[in-house]
>>> print(open('entry-v9.txt').read())   # compact mmCIF, N, CA and C atoms
# COMPACT_ATOMS: atom_id res chain seq x y z
N MET A 1 -1.69 12.92 5.38
CA MET A 1 -1.32 11.64 5.96
C MET A 1 0.18 11.66 6.24
N GLU A 2 0.54 11.36 7.47
CA GLU A 2 1.95 11.32 7.84
C GLU A 2 2.46 9.89 7.67
N LEU A 3 3.46 9.74 6.84
CA LEU A 3 4.02 8.42 6.55
C LEU A 3 5.32 8.25 7.32
N ARG A 4 5.39 7.18 8.11
CA ARG A 4 6.57 6.94 8.95
C ARG A 4 7.22 5.61 8.62
N TYR A 5 7.29 5.29 7.36
CA TYR A 5 7.92 4.05 6.93
C TYR A 5 9.40 4.28 6.65
N GLU A 6 10.18 3.23 6.86
CA GLU A 6 11.59 3.28 6.55
C GLU A 6 11.77 3.41 5.04
N ILE A 7 12.69 4.27 4.62
CA ILE A 7 13.03 4.44 3.21
C ILE A 7 14.51 4.16 3.05
N ILE A 8 14.84 3.29 2.12
CA ILE A 8 16.24 3.00 1.80
C ILE A 8 16.55 3.73 0.50
N LEU A 9 17.57 4.56 0.51
CA LEU A 9 17.92 5.38 -0.64
C LEU A 9 19.36 5.09 -1.04
N TYR A 10 19.57 4.83 -2.32
CA TYR A 10 20.93 4.56 -2.78
C TYR A 10 21.11 5.04 -4.21
N GLY A 11 22.36 5.24 -4.58
CA GLY A 11 22.69 5.67 -5.94
C GLY A 11 22.97 4.47 -6.82
N ARG A 12 22.66 4.63 -8.09
CA ARG A 12 22.90 3.58 -9.08
C ARG A 12 23.94 4.11 -10.06
N GLU A 13 25.07 3.45 -10.16
CA GLU A 13 26.19 3.90 -10.99
C GLU A 13 25.88 3.94 -12.49
N GLU A 14 25.25 2.88 -13.01
CA GLU A 14 25.12 2.76 -14.47
C GLU A 14 24.37 3.92 -15.13
N ASP A 15 23.42 4.55 -14.44
CA ASP A 15 22.70 5.67 -15.04
C ASP A 15 22.68 6.91 -14.13
N GLN A 16 23.46 6.88 -13.07
CA GLN A 16 23.59 8.00 -12.14
C GLN A 16 22.27 8.39 -11.47
N ALA A 17 21.32 7.48 -11.41
CA ALA A 17 20.02 7.74 -10.77
C ALA A 17 20.10 7.39 -9.29
N PHE A 18 19.13 7.87 -8.55
CA PHE A 18 18.95 7.50 -7.15
C PHE A 18 17.67 6.69 -7.04
N ILE A 19 17.71 5.65 -6.22
CA ILE A 19 16.57 4.76 -6.02
C ILE A 19 16.13 4.86 -4.56
N ALA A 20 14.83 4.94 -4.35
CA ALA A 20 14.26 4.96 -2.99
C ALA A 20 13.29 3.79 -2.89
N LYS A 21 13.50 2.92 -1.89
CA LYS A 21 12.63 1.76 -1.67
C LYS A 21 12.03 1.82 -0.28
N VAL A 22 10.81 1.27 -0.16
CA VAL A 22 10.13 1.19 1.13
C VAL A 22 9.93 -0.30 1.42
N PRO A 23 10.83 -0.91 2.20
CA PRO A 23 10.79 -2.35 2.42
C PRO A 23 9.48 -2.87 3.02
N GLU A 24 8.81 -2.07 3.82
CA GLU A 24 7.58 -2.52 4.49
C GLU A 24 6.37 -2.54 3.56
N LEU A 25 6.48 -1.89 2.40
CA LEU A 25 5.39 -1.86 1.42
C LEU A 25 5.89 -2.56 0.15
N PRO A 26 5.59 -3.83 -0.02
CA PRO A 26 6.13 -4.60 -1.14
C PRO A 26 5.91 -3.93 -2.50
N GLY A 27 7.00 -3.80 -3.25
CA GLY A 27 6.94 -3.23 -4.58
C GLY A 27 6.94 -1.71 -4.60
N CYS A 28 7.02 -1.08 -3.45
CA CYS A 28 6.96 0.38 -3.37
C CYS A 28 8.37 0.94 -3.54
N ALA A 29 8.62 1.58 -4.68
CA ALA A 29 9.93 2.14 -4.98
C ALA A 29 9.77 3.25 -6.01
N ALA A 30 10.75 4.14 -6.04
CA ALA A 30 10.75 5.23 -7.02
C ALA A 30 12.20 5.61 -7.29
N ASP A 31 12.40 6.35 -8.36
CA ASP A 31 13.75 6.82 -8.65
C ASP A 31 13.71 8.31 -8.95
N GLY A 32 14.88 8.88 -9.13
CA GLY A 32 14.99 10.30 -9.46
C GLY A 32 16.42 10.62 -9.86
N GLU A 33 16.59 11.76 -10.50
CA GLU A 33 17.92 12.18 -10.93
C GLU A 33 18.77 12.66 -9.76
N THR A 34 18.10 13.08 -8.68
CA THR A 34 18.80 13.53 -7.48
C THR A 34 18.24 12.79 -6.27
N TYR A 35 18.99 12.87 -5.18
CA TYR A 35 18.56 12.29 -3.90
C TYR A 35 17.19 12.84 -3.52
N GLN A 36 17.04 14.17 -3.60
CA GLN A 36 15.80 14.83 -3.20
C GLN A 36 14.64 14.42 -4.11
N GLU A 37 14.89 14.31 -5.41
CA GLU A 37 13.83 13.92 -6.34
C GLU A 37 13.36 12.50 -6.07
N ALA A 38 14.28 11.59 -5.81
CA ALA A 38 13.90 10.20 -5.50
C ALA A 38 13.07 10.15 -4.23
N LEU A 39 13.43 10.93 -3.23
CA LEU A 39 12.69 10.97 -1.97
C LEU A 39 11.28 11.56 -2.18
N GLN A 40 11.17 12.63 -2.92
CA GLN A 40 9.86 13.22 -3.22
C GLN A 40 8.99 12.23 -3.99
N ASN A 41 9.58 11.55 -4.97
CA ASN A 41 8.82 10.60 -5.78
C ASN A 41 8.33 9.42 -4.96
N VAL A 42 9.16 8.91 -4.05
CA VAL A 42 8.74 7.75 -3.26
C VAL A 42 7.66 8.14 -2.26
N GLU A 43 7.65 9.37 -1.79
CA GLU A 43 6.57 9.81 -0.90
C GLU A 43 5.23 9.78 -1.62
N ILE A 44 5.21 10.18 -2.88
CA ILE A 44 3.99 10.12 -3.69
C ILE A 44 3.57 8.67 -3.90
N ILE A 45 4.53 7.81 -4.23
CA ILE A 45 4.24 6.40 -4.48
C ILE A 45 3.73 5.71 -3.21
N MET A 46 4.28 6.08 -2.05
CA MET A 46 3.81 5.50 -0.78
C MET A 46 2.34 5.82 -0.57
N GLN A 47 1.95 7.07 -0.79
CA GLN A 47 0.55 7.46 -0.62
C GLN A 47 -0.34 6.69 -1.59
N GLU A 48 0.11 6.56 -2.85
CA GLU A 48 -0.67 5.83 -3.85
C GLU A 48 -0.76 4.35 -3.49
N TRP A 49 0.32 3.78 -2.95
CA TRP A 49 0.33 2.37 -2.55
C TRP A 49 -0.73 2.15 -1.47
N ILE A 50 -0.76 3.04 -0.47
CA ILE A 50 -1.71 2.90 0.63
C ILE A 50 -3.14 3.11 0.15
N GLU A 51 -3.36 4.11 -0.69
CA GLU A 51 -4.71 4.35 -1.23
C GLU A 51 -5.21 3.14 -2.03
N THR A 52 -4.35 2.56 -2.84
CA THR A 52 -4.72 1.39 -3.64
C THR A 52 -5.03 0.20 -2.74
N ALA A 53 -4.20 -0.02 -1.72
CA ALA A 53 -4.45 -1.13 -0.78
C ALA A 53 -5.79 -0.95 -0.09
N GLU A 54 -6.11 0.28 0.32
CA GLU A 54 -7.39 0.55 0.97
C GLU A 54 -8.56 0.26 0.02
N GLU A 55 -8.45 0.69 -1.24
CA GLU A 55 -9.50 0.45 -2.23
C GLU A 55 -9.73 -1.03 -2.47
N LEU A 56 -8.65 -1.81 -2.41
CA LEU A 56 -8.74 -3.25 -2.65
C LEU A 56 -9.04 -4.04 -1.38
N GLY A 57 -9.15 -3.36 -0.26
CA GLY A 57 -9.44 -4.03 1.00
C GLY A 57 -8.28 -4.84 1.55
N ARG A 58 -7.07 -4.47 1.18
CA ARG A 58 -5.88 -5.19 1.65
C ARG A 58 -5.36 -4.59 2.94
N THR A 59 -4.63 -5.40 3.66
CA THR A 59 -4.02 -4.96 4.92
C THR A 59 -2.86 -4.03 4.63
N ILE A 60 -2.79 -2.95 5.38
CA ILE A 60 -1.69 -2.00 5.25
C ILE A 60 -0.76 -2.21 6.44
N PRO A 61 0.48 -2.56 6.18
CA PRO A 61 1.41 -2.80 7.29
C PRO A 61 1.61 -1.55 8.15
N GLU A 62 1.70 -1.76 9.44
CA GLU A 62 2.02 -0.67 10.36
C GLU A 62 3.52 -0.37 10.22
N PRO A 63 3.90 0.90 10.28
CA PRO A 63 5.34 1.22 10.25
C PRO A 63 6.04 0.58 11.45
N LYS A 64 7.20 0.01 11.21
CA LYS A 64 7.98 -0.58 12.30
C LYS A 64 8.65 0.53 13.09
N GLN A 65 8.69 0.36 14.37
CA GLN A 65 9.37 1.33 15.21
C GLN A 65 10.83 0.91 15.34
N ARG A 66 11.72 1.78 15.00
CA ARG A 66 13.16 1.51 15.07
C ARG A 66 13.71 2.06 16.37
N LEU A 67 14.64 1.34 16.96
CA LEU A 67 15.33 1.83 18.14
C LEU A 67 16.45 2.76 17.71
N MET A 68 16.55 3.88 18.36
CA MET A 68 17.60 4.85 18.04
C MET A 68 18.66 4.80 19.13
N TYR A 69 19.90 4.74 18.73
CA TYR A 69 21.01 4.72 19.67
C TYR A 69 21.88 5.94 19.43
N ALA A 70 22.40 6.50 20.51
CA ALA A 70 23.27 7.68 20.41
C ALA A 70 24.71 7.25 20.30
>>> encode(input="entry-v9.txt", output="structure tokens")
Amino acid sequence: MELRYEIILYGREEDQAFIAKVPELPGCAADGETYQEALQNVEIIMQEWIETAEELGRTIPEPKQRLMYA
């Protein structure tokens, strides 16, 4: 499954962790000790979020298309 949702990734000072959030999927977030680990973890959580929504018969938001400017 190819996931094309926006991911917001930022560092947290108090514990030096990185947080990855998916705004289009409510409650979908993950963390990691590195940027790459947080990104890998959130990809897993996104798939689980979608699978759970499907099992419960809930609507899965379509990824928003972002305009790219040069």
>>> closest_residue(input="entry-v9.txt", among="A:Gly11, A:Glu24, A:Ile19, A:Arg4", to="Ile60 (chain A)", atoms="only N, CA and C atoms")
A:Glu24
>>> axis_aligned_box(input="entry-v9.txt", around="region 54-69 of chain A", padding_each_side="6 Å", output="lines of an AutoDock Vina configuration file")
center_x = 6.1
center_y = 0.3
center_z = 8.5
size_x = 43.6
size_y = 23.3
size_z = 34.3
>>> residues_around(input="entry-v9.txt", residues="Pro63 (chain A)", least_positions_apart="5", cutoff="12 Å", atoms="only C-alpha atoms", output="compact mmCIF listing (two decimals) with N, CA and C atoms, keeping the file's coordinate frame")
# COMPACT_ATOMS: atom_id res chain seq x y z
N GLU A 2 0.54 11.36 7.47
CA GLU A 2 1.95 11.32 7.84
C GLU A 2 2.46 9.89 7.67
N LEU A 3 3.46 9.74 6.84
CA LEU A 3 4.02 8.42 6.55
C LEU A 3 5.32 8.25 7.32
N ARG A 4 5.39 7.18 8.11
CA ARG A 4 6.57 6.94 8.95
C ARG A 4 7.22 5.61 8.62
N TYR A 5 7.29 5.29 7.36
CA TYR A 5 7.92 4.05 6.93
C TYR A 5 9.40 4.28 6.65
N GLU A 6 10.18 3.23 6.86
CA GLU A 6 11.59 3.28 6.55
C GLU A 6 11.77 3.41 5.04
N ILE A 7 12.69 4.27 4.62
CA ILE A 7 13.03 4.44 3.21
C ILE A 7 14.51 4.16 3.05
N VAL A 22 10.81 1.27 -0.16
CA VAL A 22 10.13 1.19 1.13
C VAL A 22 9.93 -0.30 1.42
N PRO A 23 10.83 -0.91 2.20
CA PRO A 23 10.79 -2.35 2.42
C PRO A 23 9.48 -2.87 3.02
N GLU A 24 8.81 -2.07 3.82
CA GLU A 24 7.58 -2.52 4.49
C GLU A 24 6.37 -2.54 3.56
N LEU A 25 6.48 -1.89 2.40
CA LEU A 25 5.39 -1.86 1.42
C LEU A 25 5.89 -2.56 0.15
N MET A 46 4.28 6.08 -2.05
CA MET A 46 3.81 5.50 -0.78
C MET A 46 2.34 5.82 -0.57
>>> atom_distance(input="entry-v9.txt", atom1="atom N of Glu37 (chain A)", atom2="CA of Glu54 (chain A)")
27.0 Å
>>> atom_distance(input="entry-v9.txt", atom1="CA of Trp49 (chain A)", atom2="atom C of Asp31 (chain A)")
16.0 Å
>>> atom_distance(input="entry-v9.txt", atom1="CA of Ala17 (chain A)", atom2="CA of Tyr35 (chain A)")
8.4 Å
>>> select_by_dssp(input="entry-v9.txt", residues="chain A", states="alpha helix (DSSP H)", output="MDAnalysis selection string")
chainID A and resid 35:55
>>> write_last_selection(input="entry-v9.txt", atoms="N, CA and C atoms", output="mmCIF file, in the coordinates of the input")
data_model
loop_
_atom_site.group_PDB
_atom_site.id
_atom_site.type_symbol
_atom_site.label_atom_id
_atom_site.label_comp_id
_atom_site.auth_asym_id
_atom_site.auth_seq_id
_atom_site.Cartn_x
_atom_site.Cartn_y
_atom_site.Cartn_z
ATOM 1 N N TYR A 35 18.990 12.870 -5.180
ATOM 2 C CA TYR A 35 18.560 12.290 -3.900
ATOM 3 C C TYR A 35 17.190 12.840 -3.520
ATOM 4 N N GLN A 36 17.040 14.170 -3.600
ATOM 5 C CA GLN A 36 15.800 14.830 -3.200
ATOM 6 C C GLN A 36 14.640 14.420 -4.110
ATOM 7 N N GLU A 37 14.890 14.310 -5.410
ATOM 8 C CA GLU A 37 13.830 13.920 -6.340
ATOM 9 C C GLU A 37 13.360 12.500 -6.070
ATOM 10 N N ALA A 38 14.280 11.590 -5.810
ATOM 11 C CA ALA A 38 13.900 10.200 -5.500
ATOM 12 C C ALA A 38 13.070 10.150 -4.230
ATOM 13 N N LEU A 39 13.430 10.930 -3.230
ATOM 14 C CA LEU A 39 12.690 10.970 -1.970
ATOM 15 C C LEU A 39 11.280 11.560 -2.180
ATOM 16 N N GLN A 40 11.170 12.630 -2.920
ATOM 17 C CA GLN A 40 9.860 13.220 -3.220
ATOM 18 C C GLN A 40 8.990 12.230 -3.990
ATOM 19 N N ASN A 41 9.580 11.550 -4.970
ATOM 20 C CA ASN A 41 8.820 10.600 -5.780
ATOM 21 C C ASN A 41 8.330 9.420 -4.960
ATOM 22 N N VAL A 42 9.160 8.910 -4.050
ATOM 23 C CA VAL A 42 8.740 7.750 -3.260
ATOM 24 C C VAL A 42 7.660 8.140 -2.260
ATOM 25 N N GLU A 43 7.650 9.370 -1.790
ATOM 26 C CA GLU A 43 6.570 9.810 -0.900
ATOM 27 C C GLU A 43 5.230 9.780 -1.620
ATOM 28 N N ILE A 44 5.210 10.180 -2.880
ATOM 29 C CA ILE A 44 3.990 10.120 -3.690
ATOM 30 C C ILE A 44 3.570 8.670 -3.900
ATOM 31 N N ILE A 45 4.530 7.810 -4.230
ATOM 32 C CA ILE A 45 4.240 6.400 -4.480
ATOM 33 C C ILE A 45 3.730 5.710 -3.210
ATOM 34 N N MET A 46 4.280 6.080 -2.050
ATOM 35 C CA MET A 46 3.810 5.500 -0.780
ATOM 36 C C MET A 46 2.340 5.820 -0.570
ATOM 37 N N GLN A 47 1.950 7.070 -0.790
ATOM 38 C CA GLN A 47 0.550 7.460 -0.620
ATOM 39 C C GLN A 47 -0.340 6.690 -1.590
ATOM 40 N N GLU A 48 0.110 6.560 -2.850
ATOM 41 C CA GLU A 48 -0.670 5.830 -3.850
ATOM 42 C C GLU A 48 -0.760 4.350 -3.490
ATOM 43 N N TRP A 49 0.320 3.780 -2.950
ATOM 44 C CA TRP A 49 0.330 2.370 -2.550
ATOM 45 C C TRP A 49 -0.730 2.150 -1.470
ATOM 46 N N ILE A 50 -0.760 3.040 -0.470
ATOM 47 C CA ILE A 50 -1.710 2.900 0.630
ATOM 48 C C ILE A 50 -3.140 3.110 0.150
ATOM 49 N N GLU A 51 -3.360 4.110 -0.690
ATOM 50 C CA GLU A 51 -4.710 4.350 -1.230
ATOM 51 C C GLU A 51 -5.210 3.140 -2.030
ATOM 52 N N THR A 52 -4.350 2.560 -2.840
ATOM 53 C CA THR A 52 -4.720 1.390 -3.640
ATOM 54 C C THR A 52 -5.030 0.200 -2.740
ATOM 55 N N ALA A 53 -4.200 -0.020 -1.720
ATOM 56 C CA ALA A 53 -4.450 -1.130 -0.780
ATOM 57 C C ALA A 53 -5.790 -0.950 -0.090
ATOM 58 N N GLU A 54 -6.110 0.280 0.320
ATOM 59 C CA GLU A 54 -7.390 0.550 0.970
ATOM 60 C C GLU A 54 -8.560 0.260 0.020
ATOM 61 N N GLU A 55 -8.450 0.690 -1.240
ATOM 62 C CA GLU A 55 -9.500 0.450 -2.230
ATOM 63 C C GLU A 55 -9.730 -1.030 -2.470
#
>>> residues_around(input="entry-v9.txt", residues="Ala20 (chain A)", least_positions_apart="4", cutoff="7 Å", atoms="all atoms listed in the file", output="list in words")
Ile7, Ile8, Leu9, Tyr10, Cys28, Ala29, Ala30, Asp31, Gly32, Ala38, Leu39 and Val42 of chain A
>>> write_last_selection(input="entry-v9.txt", atoms="N, CA and C atoms", output="mmCIF file, in the frame of the given file")
data_model
loop_
_atom_site.group_PDB
_atom_site.id
_atom_site.type_symbol
_atom_site.label_atom_id
_atom_site.label_comp_id
_atom_site.auth_asym_id
_atom_site.auth_seq_id
_atom_site.Cartn_x
_atom_site.Cartn_y
_atom_site.Cartn_z
ATOM 1 N N ILE A 7 12.690 4.270 4.620
ATOM 2 C CA ILE A 7 13.030 4.440 3.210
ATOM 3 C C ILE A 7 14.510 4.160 3.050
ATOM 4 N N ILE A 8 14.840 3.290 2.120
ATOM 5 C CA ILE A 8 16.240 3.000 1.800
ATOM 6 C C ILE A 8 16.550 3.730 0.500
ATOM 7 N N LEU A 9 17.570 4.560 0.510
ATOM 8 C CA LEU A 9 17.920 5.380 -0.640
ATOM 9 C C LEU A 9 19.360 5.090 -1.040
ATOM 10 N N TYR A 10 19.570 4.830 -2.320
ATOM 11 C CA TYR A 10 20.930 4.560 -2.780
ATOM 12 C C TYR A 10 21.110 5.040 -4.210
ATOM 13 N N CYS A 28 7.020 -1.080 -3.450
ATOM 14 C CA CYS A 28 6.960 0.380 -3.370
ATOM 15 C C CYS A 28 8.370 0.940 -3.540
ATOM 16 N N ALA A 29 8.620 1.580 -4.680
ATOM 17 C CA ALA A 29 9.930 2.140 -4.980
ATOM 18 C C ALA A 29 9.770 3.250 -6.010
ATOM 19 N N ALA A 30 10.750 4.140 -6.040
ATOM 20 C CA ALA A 30 10.750 5.230 -7.020
ATOM 21 C C ALA A 30 12.200 5.610 -7.290
ATOM 22 N N ASP A 31 12.400 6.350 -8.360
ATOM 23 C CA ASP A 31 13.750 6.820 -8.650
ATOM 24 C C ASP A 31 13.710 8.310 -8.950
ATOM 25 N N GLY A 32 14.880 8.880 -9.130
ATOM 26 C CA GLY A 32 14.990 10.300 -9.460
ATOM 27 C C GLY A 32 16.420 10.620 -9.860
ATOM 28 N N ALA A 38 14.280 11.590 -5.810
ATOM 29 C CA ALA A 38 13.900 10.200 -5.500
ATOM 30 C C ALA A 38 13.070 10.150 -4.230
ATOM 31 N N LEU A 39 13.430 10.930 -3.230
ATOM 32 C CA LEU A 39 12.690 10.970 -1.970
ATOM 33 C C LEU A 39 11.280 11.560 -2.180
ATOM 34 N N VAL A 42 9.160 8.910 -4.050
ATOM 35 C CA VAL A 42 8.740 7.750 -3.260
ATOM 36 C C VAL A 42 7.660 8.140 -2.260
#
>>> closest_residue(input="entry-v9.txt", among="A:Glu33, A:Leu56, A:Glu51, A:Gly27", to="Asp15 (chain A)", atoms="only N, CA and C atoms")
A:Glu33
